[in-house]
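Let me begin by presenting the structure, written as structure tokens, before commenting on it.
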Amino acid sequence: MSLQIMRVKRTRRWGLNMKAKRAQLLLWCMVAVGLAIAIFLTPLVLEQVAPTQKDWGRLSSVSQTYGALSAPFSAIALLGVAASLAYQARQTKIANQEAQRSSHRQLLMYAVDRPEFLVCWEPVSGISSPVEMQRLFFTNMIVSNWSADYLLRRWNDQEARVQLGIHFQGTVARTHWEKAGSSWRQVAEASGDTRRIRFVDLVDESYAGAMAAGPGVPPEGYFASPLIGPAR
């Protein structure tokens with residue numbers, strides 16, 4: 001139940017952030033459009049408020065000066081609209097990716113919660129029990145979450161290395177990457193996304209470093225205090 005609550009809270013928080021970003025984008029679009037309209041309507045307003053006896057030579061000079069000055073502002077307004085549209089497109093892409101990842105996580109969690117459905121997924125060689133497969137599935141969700149943080153640039157390379165170095169202290173994490181790493185590599189390279197490929201490179205490097213550093217901590221050793229020895 002705690003995992004369910006965590007997923008719901010995270011989804012709600014993400015939804016609120018998206019709403020705030022959309023509101024901010026709408027505000028910037030309105031400001032840019034308003035600025036452009038104001039610039040283009042200014043000559044008409046001047047025409048209406050100008051005195052009946054017009055000095056056409058002077059008005060022509062003012063008009064030319066205004067045109068020269070307004071051109072950069074018009075360009076800035078158009079650039080603002082273009083930037084807003086590009087930002088909106090990027091946010092839509094992120095939203096679609098998050099929806100896809102959320103759907104995948106739900107499928108994995110369903111199998112983790114109900115082991116009888118583990119066999120609906122592709123077989124994993126060398127798995128001796130449903131518990132071991134459940135652990136691998138859950139570990140895969142953890143790594144997928146970190147991958148999303150890296151792809152969205154919430155993490156840089158150094159942050160990823162630190163977290164992955166800690167992650168691979170455990171044998172379950174090492175077993176997961178030993179069995180799933182090649183699949184991650186194939187999917188990343190098939191996508192053509194250089195940052196996605198870079199994340200797999202970082203995981204491979206961290207895994208190799210952990211293996212070279214020595215044995216990892218097995219599941220039965222996680223909760224054993226080094227001061228009092230294993231629980232009996």
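To be explicit about the labels: the chains of the structure tokens are called A, B, and onward in the order shown, and within each one the residues are counted from 1, while ligands get numbers from 1 in the order they are shown.
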
For this session: Pick out the residues sitting within 9 Å of region 171-179 of chain A, and hand them over as a PyMOL selection string; count only C-alpha atoms, and ignore anything fewer than 4 positions along from it in its own chain.
Result: chain A and resi 124-126+132+135-137+139-140+167+183-184+203-204+207+210-211+215-219

Using the selection just defined, write its residues with N, CA and C atoms as a PDB file, in the first residue's frame.
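In the end it all went to selection_8.pdb:
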ATOM      1  N   VAL A 124      13.808 -14.927 -18.261  1.00  0.00           N
ATOM      2  CA  VAL A 124      15.153 -14.448 -17.930  1.00  0.00           C
ATOM      3  C   VAL A 124      16.000 -15.656 -17.552  1.00  0.00           C
ATOM      4  N   SER A 125      17.097 -15.830 -18.247  1.00  0.00           N
ATOM      5  CA  SER A 125      17.934 -17.005 -17.987  1.00  0.00           C
ATOM      6  C   SER A 125      18.603 -16.909 -16.621  1.00  0.00           C
ATOM      7  N   GLY A 126      18.718 -18.064 -15.987  1.00  0.00           N
ATOM      8  CA  GLY A 126      19.420 -18.133 -14.710  1.00  0.00           C
ATOM      9  C   GLY A 126      18.618 -17.731 -13.500  1.00  0.00           C
ATOM     10  N   GLU A 132      13.343 -14.036  -6.930  1.00  0.00           N
ATOM     11  CA  GLU A 132      14.496 -13.457  -7.608  1.00  0.00           C
ATOM     12  C   GLU A 132      14.051 -12.617  -8.807  1.00  0.00           C
ATOM     13  N   ARG A 135      12.614  -9.327  -7.623  1.00  0.00           N
ATOM     14  CA  ARG A 135      13.690  -8.404  -7.272  1.00  0.00           C
ATOM     15  C   ARG A 135      14.280  -7.744  -8.517  1.00  0.00           C
ATOM     16  N   LEU A 136      14.466  -8.521  -9.560  1.00  0.00           N
ATOM     17  CA  LEU A 136      15.023  -7.972 -10.792  1.00  0.00           C
ATOM     18  C   LEU A 136      14.072  -6.955 -11.411  1.00  0.00           C
ATOM     19  N   PHE A 137      12.775  -7.252 -11.403  1.00  0.00           N
ATOM     20  CA  PHE A 137      11.793  -6.325 -11.953  1.00  0.00           C
ATOM     21  C   PHE A 137      11.797  -5.014 -11.174  1.00  0.00           C
ATOM     22  N   THR A 139      14.202  -3.785  -9.311  1.00  0.00           N
ATOM     23  CA  THR A 139      15.467  -3.099  -9.558  1.00  0.00           C
ATOM     24  C   THR A 139      15.448  -2.391 -10.906  1.00  0.00           C
ATOM     25  N   ASN A 140      14.827  -3.025 -11.885  1.00  0.00           N
ATOM     26  CA  ASN A 140      14.727  -2.414 -13.207  1.00  0.00           C
ATOM     27  C   ASN A 140      13.928  -1.111 -13.155  1.00  0.00           C
ATOM     28  N   HIS A 167      24.537   2.135  -5.722  1.00  0.00           N
ATOM     29  CA  HIS A 167      23.566   1.113  -6.129  1.00  0.00           C
ATOM     30  C   HIS A 167      24.224  -0.254  -6.306  1.00  0.00           C
ATOM     31  N   SER A 183      20.151  -5.759 -22.907  1.00  0.00           N
ATOM     32  CA  SER A 183      18.859  -5.294 -23.442  1.00  0.00           C
ATOM     33  C   SER A 183      18.764  -3.773 -23.391  1.00  0.00           C
ATOM     34  N   TRP A 184      19.222  -3.189 -22.291  1.00  0.00           N
ATOM     35  CA  TRP A 184      19.232  -1.740 -22.178  1.00  0.00           C
ATOM     36  C   TRP A 184      20.091  -1.129 -23.291  1.00  0.00           C
ATOM     37  N   VAL A 203      26.144   3.417 -16.608  1.00  0.00           N
ATOM     38  CA  VAL A 203      25.785   2.244 -15.806  1.00  0.00           C
ATOM     39  C   VAL A 203      26.816   1.135 -16.009  1.00  0.00           C
ATOM     40  N   ASP A 204      27.221   0.920 -17.245  1.00  0.00           N
ATOM     41  CA  ASP A 204      28.242  -0.096 -17.525  1.00  0.00           C
ATOM     42  C   ASP A 204      29.547   0.207 -16.781  1.00  0.00           C
ATOM     43  N   TYR A 207      29.029  -0.403 -13.029  1.00  0.00           N
ATOM     44  CA  TYR A 207      28.946  -1.847 -12.775  1.00  0.00           C
ATOM     45  C   TYR A 207      30.330  -2.480 -12.820  1.00  0.00           C
ATOM     46  N   ALA A 210      32.320  -1.499  -9.737  1.00  0.00           N
ATOM     47  CA  ALA A 210      31.881  -2.197  -8.523  1.00  0.00           C
ATOM     48  C   ALA A 210      32.356  -3.637  -8.512  1.00  0.00           C
ATOM     49  N   MET A 211      32.297  -4.300  -9.659  1.00  0.00           N
ATOM     50  CA  MET A 211      32.751  -5.684  -9.734  1.00  0.00           C
ATOM     51  C   MET A 211      34.247  -5.792  -9.464  1.00  0.00           C
ATOM     52  N   PRO A 215      33.417  -8.171  -3.778  1.00  0.00           N
ATOM     53  CA  PRO A 215      32.065  -8.745  -3.703  1.00  0.00           C
ATOM     54  C   PRO A 215      31.049  -7.741  -3.160  1.00  0.00           C
ATOM     55  N   GLY A 216      29.797  -7.905  -3.597  1.00  0.00           N
ATOM     56  CA  GLY A 216      28.732  -7.035  -3.125  1.00  0.00           C
ATOM     57  C   GLY A 216      28.031  -7.596  -1.908  1.00  0.00           C
ATOM     58  N   VAL A 217      27.083  -6.835  -1.405  1.00  0.00           N
ATOM     59  CA  VAL A 217      26.322  -7.244  -0.223  1.00  0.00           C
ATOM     60  C   VAL A 217      25.118  -8.055  -0.685  1.00  0.00           C
ATOM     61  N   PRO A 218      24.970  -9.329  -0.238  1.00  0.00           N
ATOM     62  CA  PRO A 218      23.820 -10.159  -0.635  1.00  0.00           C
ATOM     63  C   PRO A 218      22.579  -9.748   0.146  1.00  0.00           C
ATOM     64  N   PRO A 219      21.383 -10.160  -0.310  1.00  0.00           N
ATOM     65  CA  PRO A 219      20.153  -9.780   0.391  1.00  0.00           C
ATOM     66  C   PRO A 219      20.155 -10.150   1.877  1.00  0.00           C
TER      67      PRO A 219
END

For this session: For region 106-117 of chain A, list every protein, DNA or RNA residue within 8 Å, evaluated using only C-alpha atoms, and leave out those in the same chain fewer than 3 positions away; present the list as a list of chain:residue names.
Result: A:Ser102, A:Ser103, A:Cys120, A:Trp121, A:Pro130, A:Gln134, A:Phe137, A:Phe138, A:Met141

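Among A:Gln169, A:Gln163, A:Thr194, A:Ser182, the residue with the shortest atom-to-atom distance to Leu151 (chain A), counting only C-alpha atoms, is A:Thr194.
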
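For the set A:Ile197, A:Arg105, A:Gly192, A:Ala208, the residue with the smallest atom-to-atom gap to Ser144 (chain A) is A:Arg105, counting only C-alpha atoms.
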
Exercise. Mind pulling up the distance from CA of Tyr222 (chain A) to CA of Glu159 (chain A)?
Worked result: 24.0 Å

Exercise. From the set A:Ala160, A:Ala224, A:Ile142, A:Ala86, which residue has the shortest atom-to-atom contact distance to Ser206 (chain A), counting only C-alpha atoms?
Worked result: A:Ala160

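Note that CA of Ser128 (chain A) and CA of Phe199 (chain A) are 29.2 Å apart.
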
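Using only C-alpha atoms for every distance, the candidate list A:Trp155, A:Gly170, A:Thr92, A:Ser147 yields A:Ser147 as the residue closest to Arg196 (chain A).
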
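Between Gly214 (chain A) and the candidates A:Phe168, A:Arg154, A:Trp146, A:Ala188, the tightest atom-to-atom separation, counting only C-alpha atoms, involves A:Phe168.
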
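With distances restricted to only C-alpha atoms, A:Glu205 is the closest residue to Val162 (chain A) from A:Val119, A:Phe223, A:Gln88, A:Glu205.
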